[in-house]
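Okay, entry.cif now, which holds mmCIF, C-alpha atoms:
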```
data_start
loop_
_atom_site.group_PDB
_atom_site.id
_atom_site.type_symbol
_atom_site.label_atom_id
_atom_site.label_comp_id
_atom_site.auth_asym_id
_atom_site.auth_seq_id
_atom_site.Cartn_x
_atom_site.Cartn_y
_atom_site.Cartn_z
ATOM 1 C CA THR A 1 234.571 149.473 140.741
ATOM 2 C CA THR A 2 234.043 152.979 139.345
ATOM 3 C CA ASP A 3 232.690 155.582 141.697
ATOM 4 C CA PRO A 4 229.370 156.839 140.173
ATOM 5 C CA ARG A 5 229.852 160.296 141.696
ATOM 6 C CA ARG A 6 233.334 160.589 140.170
ATOM 7 C CA THR A 7 232.031 159.462 136.765
ATOM 8 C CA SER A 8 229.200 161.995 136.883
ATOM 9 C CA SER A 9 231.598 164.775 137.825
ATOM 10 C CA ASP A 10 233.981 163.853 134.994
ATOM 11 C CA SER A 11 231.078 163.810 132.544
ATOM 12 C CA ARG A 12 229.978 167.291 133.551
ATOM 13 C CA THR A 13 233.546 168.559 133.279
ATOM 14 C CA THR A 14 233.888 167.077 129.809
ATOM 15 C CA VAL A 15 230.621 168.635 128.624
ATOM 16 C CA GLU A 16 231.562 172.020 130.070
ATOM 17 C CA LYS A 17 234.869 171.917 128.201
ATOM 18 C CA GLY A 18 233.087 171.375 124.906
ATOM 19 C CA ILE A 19 232.086 168.491 122.725
ATOM 20 C CA ASP A 20 235.667 167.697 121.771
ATOM 21 C CA GLY A 21 237.038 168.266 125.289
ATOM 22 C CA ASN A 22 239.045 171.333 124.215
ATOM 23 C CA ASP A 23 238.026 174.267 126.424
ATOM 24 C CA SER A 24 240.631 176.566 124.896
ATOM 25 C CA GLN A 25 238.954 176.252 121.481
ATOM 26 C CA LYS A 26 235.557 177.034 123.013
ATOM 27 C CA SER A 27 237.008 180.059 124.795
ATOM 28 C CA ALA A 28 238.547 181.338 121.579
ATOM 29 C CA LEU A 29 235.260 181.045 119.707
ATOM 30 C CA GLY A 30 233.285 182.790 122.427
ATOM 31 C CA PRO A 31 229.671 182.138 123.442
ATOM 32 C CA PRO A 32 227.339 180.772 120.737
ATOM 33 C CA SER A 33 225.373 184.026 120.597
ATOM 34 C CA ASP A 34 228.537 186.029 119.945
ATOM 35 C CA ARG A 35 229.623 183.638 117.209
ATOM 36 C CA MET A 36 226.150 183.955 115.612
ATOM 37 C CA ASP A 37 226.284 187.768 115.696
ATOM 38 C CA ASP A 38 229.804 187.871 114.256
ATOM 39 C CA ALA A 39 228.793 185.664 111.327
ATOM 40 C CA ALA A 40 225.437 187.400 110.662
ATOM 41 C CA THR A 41 224.968 189.246 107.401
ATOM 42 C CA PRO A 42 224.247 192.962 107.999
ATOM 43 C CA VAL A 43 220.603 193.922 107.553
ATOM 44 C CA PRO A 44 220.151 195.800 104.233
ATOM 45 C CA TRP A 45 218.124 198.615 105.763
ATOM 46 C CA ARG A 46 218.017 200.555 102.492
ATOM 47 C CA SER A 47 215.787 197.806 101.089
ATOM 48 C CA VAL A 48 214.077 196.731 104.316
ATOM 49 C CA LEU A 49 212.769 200.133 105.407
ATOM 50 C CA PRO A 50 210.695 200.796 102.241
ATOM 51 C CA ILE A 51 209.089 197.367 102.584
ATOM 52 C CA LEU A 52 208.258 198.038 106.236
ATOM 53 C CA GLY A 53 206.756 201.361 105.150
ATOM 54 C CA VAL A 54 204.592 199.526 102.617
ATOM 55 C CA MET A 55 203.396 197.136 105.326
ATOM 56 C CA PHE A 56 202.656 200.042 107.659
ATOM 57 C CA VAL A 57 200.503 201.689 104.979
ATOM 58 C CA ASP A 58 198.774 198.371 104.326
ATOM 59 C CA GLY A 59 197.832 198.158 108.004
ATOM 60 C CA VAL A 60 196.544 201.738 107.971
ATOM 61 C CA ASN A 61 194.420 201.197 104.854
ATOM 62 C CA MET A 62 192.954 197.964 106.201
ATOM 63 C CA MET A 63 191.854 199.404 109.571
ATOM 64 C CA LEU A 64 191.170 203.023 108.629
ATOM 65 C CA VAL A 65 187.450 202.751 107.900
ATOM 66 C CA PHE A 66 186.248 200.781 110.918
ATOM 67 C CA PRO A 67 185.486 203.783 113.176
ATOM 68 C CA PHE A 68 183.081 205.376 110.678
ATOM 69 C CA VAL A 69 181.668 202.379 108.783
ATOM 70 C CA PRO A 70 178.464 202.204 110.916
ATOM 71 C CA PHE A 71 177.792 205.900 110.249
ATOM 72 C CA LEU A 72 178.427 205.467 106.536
ATOM 73 C CA VAL A 73 176.056 202.487 106.470
ATOM 74 C CA ARG A 74 173.287 204.414 108.204
ATOM 75 C CA SER A 75 173.684 207.440 105.937
ATOM 76 C CA THR A 76 173.829 205.514 102.653
ATOM 77 C CA LEU A 77 170.999 203.081 103.508
ATOM 78 C CA ARG A 78 168.916 205.693 105.351
ATOM 79 C CA LEU A 79 168.753 203.561 108.487
ATOM 80 C CA SER A 80 167.683 204.812 111.888
ATOM 81 C CA LEU A 81 169.845 204.562 114.993
ATOM 82 C CA GLU A 82 167.759 201.651 116.289
ATOM 83 C CA ASP A 83 167.651 199.699 113.028
ATOM 84 C CA PRO A 84 168.849 196.118 113.720
ATOM 85 C CA ASN A 85 170.325 195.816 110.224
ATOM 86 C CA THR A 86 173.090 198.326 110.942
ATOM 87 C CA PRO A 87 175.470 195.851 112.653
ATOM 88 C CA LEU A 88 174.961 193.254 109.914
ATOM 89 C CA MET A 89 175.534 195.645 107.029
ATOM 90 C CA SER A 90 178.536 197.185 108.792
ATOM 91 C CA GLY A 91 180.034 193.758 109.351
ATOM 92 C CA LEU A 92 179.613 192.832 105.692
ATOM 93 C CA MET A 93 181.344 196.009 104.577
ATOM 94 C CA GLY A 94 184.162 195.445 107.051
ATOM 95 C CA ALA A 95 184.657 191.906 105.778
ATOM 96 C CA ALA A 96 184.654 192.906 102.096
ATOM 97 C CA PHE A 97 188.309 194.018 102.176
ATOM 98 C CA LEU A 98 189.526 190.772 103.720
ATOM 99 C CA LEU A 99 187.343 188.743 101.364
ATOM 100 C CA GLY A 100 189.012 190.359 98.359
ATOM 101 C CA GLN A 101 192.431 189.806 99.919
ATOM 102 C CA PHE A 102 191.540 186.166 100.547
ATOM 103 C CA PHE A 103 190.864 185.527 96.865
ATOM 104 C CA ALA A 104 193.754 187.539 95.422
ATOM 105 C CA SER A 105 196.685 186.828 97.752
ATOM 106 C CA PRO A 106 197.588 183.431 96.197
ATOM 107 C CA VAL A 107 197.907 185.128 92.803
ATOM 108 C CA TYR A 108 200.471 187.767 93.690
ATOM 109 C CA GLY A 109 203.291 185.407 94.627
ATOM 110 C CA PRO A 110 203.500 183.598 91.256
ATOM 111 C CA LEU A 111 202.763 186.876 89.461
ATOM 112 C CA SER A 112 205.734 188.570 91.124
ATOM 113 C CA ASP A 113 207.885 185.559 90.197
ATOM 114 C CA ARG A 114 207.108 186.219 86.533
ATOM 115 C CA ARG A 115 206.861 190.023 86.433
ATOM 116 C CA GLY A 116 209.197 191.001 89.256
ATOM 117 C CA ARG A 117 208.643 192.015 92.870
ATOM 118 C CA ARG A 118 209.038 195.757 92.340
ATOM 119 C CA PRO A 119 206.461 196.365 89.567
ATOM 120 C CA VAL A 120 203.828 194.172 91.215
ATOM 121 C CA LEU A 121 204.392 195.836 94.592
ATOM 122 C CA LEU A 122 204.119 199.352 93.201
ATOM 123 C CA SER A 123 201.085 198.495 91.072
ATOM 124 C CA CYS A 124 199.249 196.976 94.034
ATOM 125 C CA MET A 125 199.908 200.051 96.151
ATOM 126 C CA ALA A 126 198.680 202.440 93.450
ATOM 127 C CA VAL A 127 195.490 200.535 92.605
ATOM 128 C CA SER A 128 194.587 199.824 96.223
ATOM 129 C CA THR A 129 195.041 203.497 97.133
ATOM 130 C CA ALA A 130 192.826 204.549 94.217
ATOM 131 C CA PHE A 131 189.997 202.334 95.479
ATOM 132 C CA LEU A 132 190.459 203.771 98.984
ATOM 133 C CA LEU A 133 189.898 207.270 97.591
ATOM 134 C CA ALA A 134 186.857 206.016 95.684
ATOM 135 C CA PHE A 135 185.523 204.593 98.953
ATOM 136 C CA GLY A 136 185.741 208.057 100.497
ATOM 137 C CA LEU A 137 183.644 209.415 97.619
ATOM 138 C CA ALA A 138 180.960 206.718 97.915
ATOM 139 C CA GLU A 139 177.366 207.926 98.132
ATOM 140 C CA SER A 140 175.715 204.515 98.007
ATOM 141 C CA TYR A 141 176.183 201.434 100.144
ATOM 142 C CA TRP A 142 176.843 199.025 97.302
ATOM 143 C CA PHE A 143 179.353 201.317 95.638
ATOM 144 C CA ALA A 144 181.233 201.565 98.935
ATOM 145 C CA MET A 145 181.054 197.787 99.321
ATOM 146 C CA ALA A 146 182.445 197.270 95.802
ATOM 147 C CA CYS A 147 185.297 199.733 96.433
ATOM 148 C CA ARG A 148 186.197 198.019 99.679
ATOM 149 C CA PHE A 149 186.208 194.589 98.023
ATOM 150 C CA LEU A 150 188.309 195.796 95.090
ATOM 151 C CA GLN A 151 190.689 197.503 97.473
ATOM 152 C CA GLY A 152 191.278 194.178 99.219
ATOM 153 C CA LEU A 153 191.508 192.415 95.867
ATOM 154 C CA SER A 154 194.373 194.708 94.853
ATOM 155 C CA ALA A 155 196.083 194.723 98.261
ATOM 156 C CA GLY A 156 198.914 192.378 97.318
ATOM 157 C CA ALA A 157 201.668 194.592 98.708
ATOM 158 C CA LEU A 158 201.859 192.625 101.949
ATOM 159 C CA THR A 159 202.302 189.303 100.152
ATOM 160 C CA VAL A 160 204.895 190.610 97.702
ATOM 161 C CA GLY A 161 206.658 192.544 100.446
ATOM 162 C CA LYS A 162 207.219 189.369 102.434
ATOM 163 C CA LEU A 163 208.600 187.648 99.345
ATOM 164 C CA TYR A 164 210.953 190.588 98.817
ATOM 165 C CA LEU A 165 212.263 190.179 102.362
ATOM 166 C CA VAL A 166 212.870 186.501 101.633
ATOM 167 C CA ASP A 167 214.945 187.510 98.602
ATOM 168 C CA ILE A 168 217.237 189.895 100.494
ATOM 169 C CA SER A 169 217.724 187.834 103.665
ATOM 170 C CA ASP A 170 219.659 184.705 104.550
ATOM 171 C CA ALA A 171 219.810 182.272 107.453
ATOM 172 C CA THR A 172 221.845 184.637 109.609
ATOM 173 C CA ASN A 173 219.621 187.736 109.476
ATOM 174 C CA GLU A 174 216.159 186.569 108.419
ATOM 175 C CA ALA A 175 214.890 186.219 112.008
ATOM 176 C CA ARG A 176 215.832 189.814 112.776
ATOM 177 C CA ILE A 177 214.346 191.140 109.531
ATOM 178 C CA PHE A 178 211.064 189.232 109.753
ATOM 179 C CA SER A 179 210.522 190.254 113.378
ATOM 180 C CA TYR A 180 209.872 193.808 112.142
ATOM 181 C CA ILE A 181 206.867 192.733 110.045
ATOM 182 C CA GLY A 182 204.678 192.593 113.135
ATOM 183 C CA VAL A 183 205.960 196.001 114.242
ATOM 184 C CA ALA A 184 205.091 197.594 110.887
ATOM 185 C CA MET A 185 201.669 195.974 110.532
ATOM 186 C CA GLY A 186 200.799 196.535 114.189
ATOM 187 C CA SER A 187 201.756 200.204 114.004
ATOM 188 C CA GLY A 188 199.584 200.628 110.924
ATOM 189 C CA ALA A 189 196.676 198.838 112.598
ATOM 190 C CA ILE A 190 196.991 201.230 115.549
ATOM 191 C CA CYS A 191 197.308 204.433 113.526
ATOM 192 C CA GLY A 192 194.586 203.520 111.016
ATOM 193 C CA PRO A 193 191.552 203.619 113.369
ATOM 194 C CA MET A 194 192.949 206.669 115.149
ATOM 195 C CA LEU A 195 193.302 208.536 111.868
ATOM 196 C CA GLY A 196 189.899 207.385 110.636
ATOM 197 C CA GLY A 197 188.103 208.341 113.834
ATOM 198 C CA LEU A 198 189.823 211.716 114.117
ATOM 199 C CA LEU A 199 189.335 212.948 110.560
ATOM 200 C CA SER A 200 185.853 211.525 110.011
ATOM 201 C CA SER A 201 184.580 213.537 112.972
ATOM 202 C CA LEU A 202 185.590 216.899 111.498
ATOM 203 C CA PRO A 203 182.456 219.070 111.205
ATOM 204 C CA PRO A 204 182.036 220.705 107.791
ATOM 205 C CA ALA A 205 181.369 224.008 109.556
ATOM 206 C CA SER A 206 184.996 224.046 110.726
ATOM 207 C CA ALA A 207 186.157 224.489 107.129
ATOM 208 C CA PRO A 208 186.217 227.927 105.509
ATOM 209 C CA ASP A 209 183.457 228.848 103.097
ATOM 210 C CA GLY A 210 184.125 227.635 99.599
ATOM 211 C CA PRO A 211 184.807 224.390 97.751
ATOM 212 C CA ILE A 212 186.389 222.663 100.752
ATOM 213 C CA ARG A 213 183.266 223.062 102.880
ATOM 214 C CA LEU A 214 181.068 221.869 100.028
ATOM 215 C CA VAL A 215 183.229 218.773 99.588
ATOM 216 C CA LEU A 216 183.133 218.001 103.318
ATOM 217 C CA GLU A 217 179.367 218.397 103.419
ATOM 218 C CA ARG A 218 178.868 216.029 100.504
ATOM 219 C CA TYR A 219 181.665 213.557 101.315
ATOM 220 C CA PRO A 220 182.167 213.563 105.095
ATOM 221 C CA TYR A 221 184.360 210.446 105.012
ATOM 222 C CA LEU A 222 186.746 211.651 102.331
ATOM 223 C CA PRO A 223 189.258 213.374 104.701
ATOM 224 C CA PRO A 224 190.526 210.180 106.384
ATOM 225 C CA CYS A 225 190.705 208.354 103.059
ATOM 226 C CA ALA A 226 192.545 211.280 101.458
ATOM 227 C CA ALA A 227 195.013 211.492 104.352
ATOM 228 C CA ALA A 228 195.751 207.754 104.124
ATOM 229 C CA ALA A 229 196.112 208.050 100.350
ATOM 230 C CA ALA A 230 198.596 210.916 100.767
ATOM 231 C CA MET A 231 200.605 208.810 103.205
ATOM 232 C CA ALA A 232 200.547 205.908 100.760
ATOM 233 C CA GLY A 233 201.705 208.241 97.993
ATOM 234 C CA VAL A 234 204.769 209.298 99.991
ATOM 235 C CA VAL A 235 205.661 205.669 100.726
ATOM 236 C CA TRP A 236 205.055 204.735 97.083
ATOM 237 C CA LEU A 237 207.448 207.437 95.915
ATOM 238 C CA ALA A 238 210.141 206.394 98.406
ATOM 239 C CA THR A 239 209.714 202.763 97.377
ATOM 240 C CA ALA A 240 209.930 203.585 93.683
ATOM 241 C CA LEU A 241 213.135 205.556 94.244
ATOM 242 C CA HIS A 242 215.001 203.212 96.586
ATOM 243 C CA LEU A 243 213.732 199.684 95.967
ATOM 244 C CA ARG A 244 215.666 197.509 93.550
ATOM 245 C CA GLU A 245 214.464 194.402 91.771
ATOM 246 C CA THR A 246 215.650 191.131 93.328
ATOM 247 C CA LEU A 247 214.701 188.409 90.865
ATOM 248 C CA HIS A 248 218.061 188.633 89.121
ATOM 249 C CA GLN A 249 219.779 187.724 92.400
ATOM 250 C CA GLY A 250 219.618 183.973 92.002
ATOM 251 C CA ASP A 251 216.440 181.943 92.350
ATOM 252 C CA ALA A 252 213.871 184.156 94.007
ATOM 253 C CA SER A 253 210.762 182.089 93.415
ATOM 254 C CA LEU A 254 208.736 181.104 96.432
ATOM 255 C CA SER A 255 208.262 177.561 95.165
ATOM 256 C CA ALA A 256 212.008 177.098 94.824
ATOM 257 C CA ALA A 257 212.520 178.488 98.312
ATOM 258 C CA LEU A 258 210.055 176.007 99.758
ATOM 259 C CA MET A 259 211.632 173.068 97.930
ATOM 260 C CA ALA A 260 215.213 174.009 98.811
ATOM 261 C CA PRO A 261 217.052 172.155 101.605
ATOM 262 C CA PRO A 262 216.693 173.809 105.002
ATOM 263 C CA ARG A 263 219.304 176.450 105.708
ATOM 264 C CA THR A 264 221.331 175.766 108.839
ATOM 265 C CA SER A 265 222.584 178.233 111.382
ATOM 266 C CA PRO A 266 226.355 178.850 111.539
ATOM 267 C CA ARG A 267 226.350 177.406 115.037
ATOM 268 C CA LEU A 268 225.187 174.043 113.733
ATOM 269 C CA ARG A 269 227.462 173.664 110.738
ATOM 270 C CA THR A 270 230.365 172.100 112.690
ATOM 271 C CA PRO A 271 229.681 168.375 113.161
ATOM 272 C CA ARG A 272 229.684 167.199 116.726
ATOM 273 C CA LYS A 273 232.064 164.529 117.967
ATOM 274 C CA PRO A 274 230.807 161.762 120.265
ATOM 275 C CA LEU A 275 231.515 162.026 123.951
ATOM 276 C CA SER A 276 234.612 160.215 125.153
ATOM 277 C CA SER A 277 234.152 156.785 126.658
ATOM 278 C CA GLY A 278 235.265 158.066 130.030
ATOM 279 C CA ALA A 279 232.328 160.491 130.117
ATOM 280 C CA ALA A 280 229.752 157.857 129.203
#
```

Output the structure of this file as structure tokens.
Amino acid sequence: TTDPRRTSSDSRTTVEKGIDGNDSQKSALGPPSDRMDDAATPVPWRSVLPILGVMFVDGVNMMLVFPFVPFLVRSTLRLSLEDPNTPLMSGLMGAAFLLGQFFASPVYGPLSDRRGRRPVLLSCMAVSTAFLLAFGLAESYWFAMACRFLQGLSAGALTVGKLYLVDISDATNEARIFSYIGVAMGSGAICGPMLGGLLSSLPPASAPDGPIRLVLERYPYLPPCAAAAAMAGVVWLATALHLRETLHQGDASLSAALMAPPRTSPRLRTPRKPLSSGAA
């Protein structure tokens, strides 16, 4: 009769030695995490950093206007401080950007498959920034609402940027690359309201006499929009200079990526052998 305690101990010893019972092979390979790091493809930071910059700017542009939207609504609609319509109209203007993004986002993926990631990305950034500047020049509620909606409609940089990261990553480095998307978007969402609140509160009297003061008096919400547009311009220039097209690098279409067989980690590519009968 086999001693159950001896069998259990042998089983644990066999498992600790490795699936094939060869502990020297396991020692030579090192821990699974080390084997994964050794086999990982280096992150192409030259291409990743411009995309993260684009996503940062997208977060800034999306959240920039929220601190001063209620004041813009009251000034353009001539509402009093106690008017109950202020929250409703402010909420509609805040939702206009996301509504435009909701309708347009499904278009940019197939469009970038046909036209290329780089031209669609750069075009979206330029057009969206132009509508942000127009929003800062708005003197009527409905014009500001239209600019905000069109800004969201043209804000396809986030969608195309994610597809670009899919193109330049593989199974060994995609988790590391995609983890930075939240960092970029979150940083933009933090800096956007801070920038909007700080620059929209500048009193026109603080500017020197001349055209600048006249512009601030007529368009009090232009400074934050102009600052965000300048930031977007710098990122656009860096992206145009350093970002390469990826569609020529094999099949870059999103539909093909979704239909392709799942990519396995290097740790899982070696087939496992069954446990020996003595360890059963």

Counting all atoms listed in the file, which residues come within 12 Å of (211.5, 197.9, 99.6), with the point read in the file's coordinates, and could you list them as a VMD selection string?
chain A and resid 44 to 55 117 to 122 157 to 158 160 to 168 235 to 246

Between atom CA of A:Ser123 and atom CA of A:Tyr180, measure the distance and give it in Å to one decimal.
23.3 Å

Give me the residues within 10 Å of stretch 60-64 of chain A as a PyMOL selection string, counting only C-alpha atoms and dropping any in the same chain fewer than 3 places off.
chain A and resi 54-57+67-69+94+97-98+128-129+132+148+151-152+155+184-197+224-225+228-229+231-232

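Atom CA of A:Val234 is found 27.5 Å from atom CA of A:Glu139.
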
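For the atom pair formed by atom CA of A:Leu99 and atom CA of A:Leu153, the distance is 7.8 Å, given to one decimal.
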
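The residue that comes closest to A:Ala95, out of A:Val183, A:Ala146, A:Ala226, A:Ile212 and on the basis of only C-alpha atoms, is A:Ala146.
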
For A:Phe178, the nearest of the candidates A:Val43, A:Cys147, A:Val215, A:Leu81, counting only C-alpha atoms
A:Val43

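With only C-alpha atoms as the basis for measurement, A:Ser154 is the residue among A:Asp58, A:Ser206, A:Gly182, A:Ser154 that approaches A:Cys124 most closely.
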
Can you translate the PyMOL selection byres ((chain A and resi 105) around 9) into the concrete residues it hits in this file, as a ChimeraX atom specification?
/A:100-104,106-109,153-156,158-159

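Close to (183.6, 202.4, 97.7), meaning no more than 10 Å away when counting all atoms listed in the file, sit the residues Met93, Phe131, Leu132, Leu133, Ala134, Phe135, Gly136, Leu137, Ala138, Glu139, Ser140, Tyr141, Trp142, Phe143, Ala144, Met145, Ala146, Cys147, Arg148, Phe149, Leu150 and Gln151 of chain A.
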
Show me, as JSON, the centre and edge lengths in Å to one decimal of the axis-aligned box that covers every listed atom of stretch 111-127 of chain A with 3 Å on each side.
```
{"center_x": 202.3, "center_y": 194.0, "center_z": 91.3, "size_x": 19.7, "size_y": 22.9, "size_z": 15.7}
```

Suppose a student applies the PyMOL selection byres ((chain A and resi 73) around 7) to this structure; what residues should they get, written as a PyMOL selection string?
chain A and resi 69-72+74-77+86+89-90+141
